[in-house]
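In what follows, a single structure is set out as structure tokens and then discussed.
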Amino acid sequence: MSDVTHEISAGLRAGRLIPYLGTGVSALRAPGDVPASPADLAAFLGSQVALPKRARGNPWAAAQYIESRRHRSTLTALMDKAYAEPVKPVGLHEMLAAYAPPLIVDTWYDGAMRTALETGCPADAWGEIQGITRAGIGEFQWFRAYDAAGQEVPVAEARNWKTILYKPHGSVTPAHNYLIADSDYVEVLTEIDIQTPIPDIVRFRRTECGFVFLGCRFDDQMLRIYARQIMKRSAGPYYAVVEPEVMSRNELRFLEINGIRPVCISLDAITDLLAA
């Protein structure tokens, strides 16, 4: 094992590194009908609703068009349809559940990481906090918390969980929360620089930790903003498992600016090394 992968492995095992999961982790599973990337999700939405050219290929713009023309309930129903088939965890999900770090950030809509925690951790040892849309809820709230049984609980209960699964964009499980349309992000991105949409317990737990980005792309400004703000005021170090040949110059520049060390290895290979 190289020095850097040893550092990552040791940091995860000791709870000093927070895993930050992108869509590349979901894509490790066998191909199926569940969208495993923004491009997949955009294609699914385009297969359900005739989209204008400006919204094709972009899931956030496609979702905004559907919400504005067909109502929010239609958009939610389509997201439920897209993620109706449960996604089984891959080895990396299961390994992270076994490590039981203080915080896991998962940025995709499927429930695979939750399923891994259900299988690999005691029910009283973990819970989940999800970002929620403010559309139509009539309350000033940015997120909700759910225990291992999927019941909504006060966010304050998260202090008692050894592991918090943080889904900043929501998830199909357990309550069908989705931040997906452009309008969902307007207020969030206005407030996120002062950290209001990020739960206090998430901010507290990152303080003495670094992050390891797994399966993440930074080819969209919104994704870059979320990553930068969630890792803000954390102790470091920072790593990103990447395949540089598929990353753009802007993505590599983002890593450099934010002091994130690229680790040029595939997710399959890092999984094998972490398991060793």
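As shown in the structure tokens, the chain order sets the letters A, B, ...; within each chain, residues go from 1, and ligands are also counted from 1 in the order they appear.
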
- Message: With DSSP run on the backbone, what are the strand (DSSP E or B) residues within region 105-188 of chain A? I'd like them as a list in words.
- Response: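 So, restricting region 105-188 of chain A to strand (DSSP E or B), we get Val105, Asp106, Trp126, Gly127, Glu128, Ile129, Gln130, Gly131, Phe143, Arg144, Ala145, Tyr146, Asp147, Glu152, Val153, Thr163, Ile164, Leu165, Tyr166, Lys167, Gly170, Ser171, Asn177 and Tyr178 of chain A.
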
Please produce a file of those selected residues containing N, CA, C and O atoms, as an mmCIF file, in the first residue's frame.
```
data_model
loop_
_atom_site.group_PDB
_atom_site.id
_atom_site.type_symbol
_atom_site.label_atom_id
_atom_site.label_comp_id
_atom_site.auth_asym_id
_atom_site.auth_seq_id
_atom_site.Cartn_x
_atom_site.Cartn_y
_atom_site.Cartn_z
ATOM 1 N N VAL A 105 -20.782 11.884 4.184
ATOM 2 C CA VAL A 105 -21.533 12.758 3.282
ATOM 3 C C VAL A 105 -21.792 11.987 1.989
ATOM 4 O O VAL A 105 -20.865 11.469 1.373
ATOM 5 N N ASP A 106 -23.052 11.897 1.608
ATOM 6 C CA ASP A 106 -23.444 11.173 0.397
ATOM 7 C C ASP A 106 -24.280 12.113 -0.455
ATOM 8 O O ASP A 106 -25.352 12.555 -0.040
ATOM 9 N N TRP A 126 -26.627 5.174 14.685
ATOM 10 C CA TRP A 126 -26.538 6.038 13.509
ATOM 11 C C TRP A 126 -27.909 6.608 13.162
ATOM 12 O O TRP A 126 -28.947 6.139 13.619
ATOM 13 N N GLY A 127 -27.885 7.631 12.355
ATOM 14 C CA GLY A 127 -29.093 8.232 11.813
ATOM 15 C C GLY A 127 -28.715 9.105 10.635
ATOM 16 O O GLY A 127 -27.544 9.175 10.239
ATOM 17 N N GLU A 128 -29.678 9.785 10.085
ATOM 18 C CA GLU A 128 -29.490 10.486 8.816
ATOM 19 C C GLU A 128 -30.063 11.894 8.890
ATOM 20 O O GLU A 128 -31.124 12.115 9.484
ATOM 21 N N ILE A 129 -29.354 12.835 8.302
ATOM 22 C CA ILE A 129 -29.865 14.199 8.128
ATOM 23 C C ILE A 129 -29.884 14.492 6.638
ATOM 24 O O ILE A 129 -28.894 14.250 5.946
ATOM 25 N N GLN A 130 -31.024 14.997 6.162
ATOM 26 C CA GLN A 130 -31.182 15.276 4.734
ATOM 27 C C GLN A 130 -31.524 16.738 4.494
ATOM 28 O O GLN A 130 -32.324 17.330 5.236
ATOM 29 N N GLY A 131 -30.934 17.293 3.446
ATOM 30 C CA GLY A 131 -31.404 18.563 2.953
ATOM 31 C C GLY A 131 -32.801 18.398 2.372
ATOM 32 O O GLY A 131 -33.127 17.342 1.824
ATOM 33 N N PHE A 143 -33.365 21.302 6.629
ATOM 34 C CA PHE A 143 -33.038 19.875 6.686
ATOM 35 C C PHE A 143 -33.947 19.185 7.690
ATOM 36 O O PHE A 143 -34.581 19.821 8.539
ATOM 37 N N ARG A 144 -33.972 17.858 7.607
ATOM 38 C CA ARG A 144 -34.720 17.027 8.547
ATOM 39 C C ARG A 144 -33.847 15.838 8.935
ATOM 40 O O ARG A 144 -32.962 15.442 8.182
ATOM 41 N N ALA A 145 -34.139 15.263 10.093
ATOM 42 C CA ALA A 145 -33.371 14.128 10.603
ATOM 43 C C ALA A 145 -34.272 12.902 10.705
ATOM 44 O O ALA A 145 -35.466 13.010 11.010
ATOM 45 N N TYR A 146 -33.659 11.740 10.478
ATOM 46 C CA TYR A 146 -34.380 10.461 10.519
ATOM 47 C C TYR A 146 -33.526 9.444 11.263
ATOM 48 O O TYR A 146 -32.305 9.370 11.048
ATOM 49 N N ASP A 147 -34.178 8.658 12.101
ATOM 50 C CA ASP A 147 -33.433 7.626 12.808
ATOM 51 C C ASP A 147 -33.259 6.399 11.923
ATOM 52 O O ASP A 147 -33.669 6.387 10.750
ATOM 53 N N GLU A 152 -38.939 10.336 11.357
ATOM 54 C CA GLU A 152 -38.411 11.677 11.558
ATOM 55 C C GLU A 152 -38.255 11.949 13.047
ATOM 56 O O GLU A 152 -39.137 11.633 13.850
ATOM 57 N N VAL A 153 -37.122 12.542 13.409
ATOM 58 C CA VAL A 153 -36.821 12.850 14.806
ATOM 59 C C VAL A 153 -36.252 14.263 14.871
ATOM 60 O O VAL A 153 -35.817 14.825 13.854
ATOM 61 N N THR A 163 -22.524 7.663 14.154
ATOM 62 C CA THR A 163 -22.330 7.976 12.740
ATOM 63 C C THR A 163 -23.548 8.733 12.222
ATOM 64 O O THR A 163 -24.689 8.303 12.424
ATOM 65 N N ILE A 164 -23.291 9.851 11.556
ATOM 66 C CA ILE A 164 -24.355 10.606 10.894
ATOM 67 C C ILE A 164 -24.169 10.465 9.386
ATOM 68 O O ILE A 164 -23.085 10.730 8.857
ATOM 69 N N LEU A 165 -25.213 10.021 8.714
ATOM 70 C CA LEU A 165 -25.242 10.033 7.260
ATOM 71 C C LEU A 165 -25.875 11.351 6.840
ATOM 72 O O LEU A 165 -27.037 11.615 7.142
ATOM 73 N N TYR A 166 -25.106 12.188 6.169
ATOM 74 C CA TYR A 166 -25.588 13.500 5.743
ATOM 75 C C TYR A 166 -25.802 13.485 4.240
ATOM 76 O O TYR A 166 -24.876 13.246 3.473
ATOM 77 N N LYS A 167 -27.070 13.699 3.849
ATOM 78 C CA LYS A 167 -27.451 13.707 2.429
ATOM 79 C C LYS A 167 -27.881 15.133 2.080
ATOM 80 O O LYS A 167 -29.062 15.483 2.176
ATOM 81 N N GLY A 170 -30.782 15.444 -0.354
ATOM 82 C CA GLY A 170 -31.946 14.605 -0.125
ATOM 83 C C GLY A 170 -31.745 13.191 -0.640
ATOM 84 O O GLY A 170 -30.660 12.819 -1.101
ATOM 85 N N SER A 171 -32.812 12.397 -0.564
ATOM 86 C CA SER A 171 -32.732 10.993 -0.972
ATOM 87 C C SER A 171 -34.132 10.429 -1.124
ATOM 88 O O SER A 171 -35.096 10.929 -0.520
ATOM 89 N N ASN A 177 -37.268 13.126 -0.048
ATOM 90 C CA ASN A 177 -36.836 14.527 -0.092
ATOM 91 C C ASN A 177 -35.875 14.710 -1.261
ATOM 92 O O ASN A 177 -34.923 13.943 -1.391
ATOM 93 N N TYR A 178 -36.112 15.734 -2.066
ATOM 94 C CA TYR A 178 -35.219 15.967 -3.199
ATOM 95 C C TYR A 178 -34.934 17.460 -3.360
ATOM 96 O O TYR A 178 -35.854 18.258 -3.532
#
```

- Query: Neighbours of Val25 (chain A) within 9 Å (only C-alpha atoms; same-chain residues fewer than 6 positions away dropped), as a list in words?
  - Reply: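 Near neighbours after the sequence-gap exclusion: Ala36, Val90, Leu92, His93, Leu214, Gly215, Cys216 and Leu267 of chain A.
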
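Between Val87 (chain A) and the candidates A:Ala30, A:Leu75, A:Ala61, A:Ile104, the tightest atom-to-atom separation, counting only C-alpha atoms, involves A:Ala30.
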
Among region 104-208 of chain A, which ones does DSSP place in helix (DSSP H, G or I), written as a short mmCIF file (atom, residue, chain, number, x, y, z; two decimals) with N, CA, C and O atoms, in the first residue's frame?
```
data_model
loop_
_atom_site.label_atom_id
_atom_site.label_comp_id
_atom_site.auth_asym_id
_atom_site.auth_seq_id
_atom_site.Cartn_x
_atom_site.Cartn_y
_atom_site.Cartn_z
N ALA A 112 -28.40 3.50 -1.12
CA ALA A 112 -27.44 2.41 -0.90
C ALA A 112 -26.65 2.58 0.39
O ALA A 112 -26.42 1.62 1.12
N MET A 113 -26.19 3.80 0.68
CA MET A 113 -25.39 4.00 1.90
C MET A 113 -26.25 3.76 3.13
O MET A 113 -25.78 3.18 4.12
N ARG A 114 -27.49 4.18 3.08
CA ARG A 114 -28.40 3.92 4.21
C ARG A 114 -28.58 2.41 4.42
O ARG A 114 -28.55 1.93 5.56
N THR A 115 -28.76 1.67 3.34
CA THR A 115 -28.93 0.22 3.44
C THR A 115 -27.70 -0.42 4.06
O THR A 115 -27.80 -1.34 4.88
N ALA A 116 -26.51 0.05 3.68
CA ALA A 116 -25.27 -0.51 4.26
C ALA A 116 -25.21 -0.25 5.76
O ALA A 116 -24.78 -1.11 6.53
N LEU A 117 -25.64 0.93 6.19
CA LEU A 117 -25.65 1.22 7.62
C LEU A 117 -26.69 0.38 8.34
O LEU A 117 -26.46 -0.08 9.47
N GLU A 118 -27.84 0.17 7.72
CA GLU A 118 -28.88 -0.67 8.33
C GLU A 118 -28.36 -2.08 8.59
O GLU A 118 -28.68 -2.70 9.61
N THR A 119 -27.55 -2.56 7.66
CA THR A 119 -27.03 -3.93 7.77
C THR A 119 -25.83 -4.01 8.70
O THR A 119 -25.67 -4.99 9.44
N GLY A 120 -24.98 -2.98 8.67
CA GLY A 120 -23.69 -3.09 9.34
C GLY A 120 -23.55 -2.39 10.67
O GLY A 120 -22.50 -2.52 11.32
N ALA A 123 -28.81 -0.21 15.44
CA ALA A 123 -29.83 0.77 15.09
C ALA A 123 -29.73 2.06 15.90
O ALA A 123 -30.13 3.13 15.43
N ASP A 124 -29.18 1.97 17.10
CA ASP A 124 -29.08 3.18 17.93
C ASP A 124 -27.79 3.94 17.71
O ASP A 124 -27.53 4.94 18.38
N ALA A 125 -26.96 3.47 16.78
CA ALA A 125 -25.63 4.05 16.60
C ALA A 125 -25.56 5.03 15.44
O ALA A 125 -24.53 5.66 15.24
N VAL A 155 -33.67 17.14 15.11
CA VAL A 155 -32.27 17.16 14.66
C VAL A 155 -31.32 17.05 15.85
O VAL A 155 -30.22 16.50 15.73
N ALA A 156 -31.75 17.54 17.01
CA ALA A 156 -30.89 17.48 18.20
C ALA A 156 -30.52 16.05 18.57
O ALA A 156 -29.49 15.82 19.21
N GLU A 157 -31.34 15.07 18.18
CA GLU A 157 -31.02 13.67 18.50
C GLU A 157 -29.74 13.20 17.83
O GLU A 157 -29.13 12.21 18.26
N ALA A 158 -29.34 13.87 16.76
CA ALA A 158 -28.14 13.46 16.03
C ALA A 158 -26.90 13.52 16.90
O ALA A 158 -25.90 12.84 16.62
N ARG A 159 -26.93 14.30 17.97
CA ARG A 159 -25.76 14.37 18.87
C ARG A 159 -25.46 13.01 19.48
O ARG A 159 -24.32 12.75 19.88
N ASN A 160 -26.46 12.14 19.57
CA ASN A 160 -26.28 10.84 20.22
C ASN A 160 -25.85 9.75 19.25
O ASN A 160 -25.60 8.62 19.68
N ASP A 182 -33.56 23.87 -10.13
CA ASP A 182 -32.76 25.09 -9.92
C ASP A 182 -33.32 25.92 -8.79
O ASP A 182 -32.56 26.48 -7.98
N SER A 183 -34.64 26.02 -8.70
CA SER A 183 -35.26 26.85 -7.66
C SER A 183 -34.99 26.32 -6.27
O SER A 183 -34.96 27.09 -5.29
N ASP A 184 -34.77 25.02 -6.12
CA ASP A 184 -34.44 24.45 -4.81
C ASP A 184 -33.13 25.02 -4.28
O ASP A 184 -32.93 25.10 -3.06
N TYR A 185 -32.24 25.38 -5.19
CA TYR A 185 -30.90 25.78 -4.79
C TYR A 185 -30.73 27.29 -4.66
O TYR A 185 -29.69 27.74 -4.17
N VAL A 186 -31.73 28.06 -5.07
CA VAL A 186 -31.58 29.51 -5.07
C VAL A 186 -31.30 30.02 -3.65
O VAL A 186 -30.29 30.69 -3.41
N GLU A 187 -32.17 29.67 -2.70
CA GLU A 187 -31.97 30.14 -1.33
C GLU A 187 -30.77 29.46 -0.68
O GLU A 187 -30.02 30.08 0.08
N VAL A 188 -30.60 28.17 -0.96
CA VAL A 188 -29.48 27.44 -0.35
C VAL A 188 -28.15 28.09 -0.73
O VAL A 188 -27.30 28.35 0.13
N LEU A 189 -27.96 28.36 -2.01
CA LEU A 189 -26.70 28.91 -2.46
C LEU A 189 -26.52 30.37 -2.02
O LEU A 189 -25.40 30.86 -1.93
N THR A 190 -27.63 31.05 -1.73
CA THR A 190 -27.55 32.40 -1.18
C THR A 190 -27.05 32.37 0.26
O THR A 190 -26.28 33.24 0.69
N GLU A 191 -27.46 31.35 1.01
CA GLU A 191 -27.16 31.27 2.43
C GLU A 191 -25.95 30.40 2.77
O GLU A 191 -25.42 30.48 3.88
N ILE A 192 -25.52 29.56 1.82
CA ILE A 192 -24.56 28.53 2.20
C ILE A 192 -23.19 29.10 2.59
O ILE A 192 -22.47 28.50 3.39
N ASP A 193 -22.86 30.28 2.12
CA ASP A 193 -21.57 30.87 2.48
C ASP A 193 -21.52 31.20 3.97
O ASP A 193 -20.44 31.19 4.57
N ILE A 194 -22.68 31.48 4.58
CA ILE A 194 -22.70 31.71 6.03
C ILE A 194 -23.14 30.44 6.76
O ILE A 194 -23.42 30.47 7.95
N ASP A 200 -25.81 22.24 12.32
CA ASP A 200 -24.77 22.55 13.31
C ASP A 200 -23.94 21.33 13.66
O ASP A 200 -22.72 21.42 13.82
N ILE A 201 -24.58 20.16 13.79
CA ILE A 201 -23.86 18.96 14.18
C ILE A 201 -22.88 18.53 13.09
O ILE A 201 -21.80 18.00 13.39
N VAL A 202 -23.21 18.77 11.84
CA VAL A 202 -22.28 18.48 10.75
C VAL A 202 -21.08 19.42 10.83
O VAL A 202 -19.92 18.99 10.71
N ARG A 203 -21.34 20.69 11.07
CA ARG A 203 -20.26 21.65 11.21
C ARG A 203 -19.35 21.30 12.40
O ARG A 203 -18.13 21.45 12.32
N PHE A 204 -19.96 20.85 13.48
CA PHE A 204 -19.17 20.48 14.67
C PHE A 204 -18.30 19.26 14.39
O PHE A 204 -17.11 19.25 14.74
N ARG A 205 -18.87 18.24 13.77
CA ARG A 205 -18.12 16.99 13.59
C ARG A 205 -16.98 17.12 12.56
O ARG A 205 -16.03 16.34 12.61
N ARG A 206 -17.07 18.06 11.65
CA ARG A 206 -16.00 18.20 10.67
C ARG A 206 -14.80 18.94 11.25
O ARG A 206 -13.71 18.94 10.65
#
```
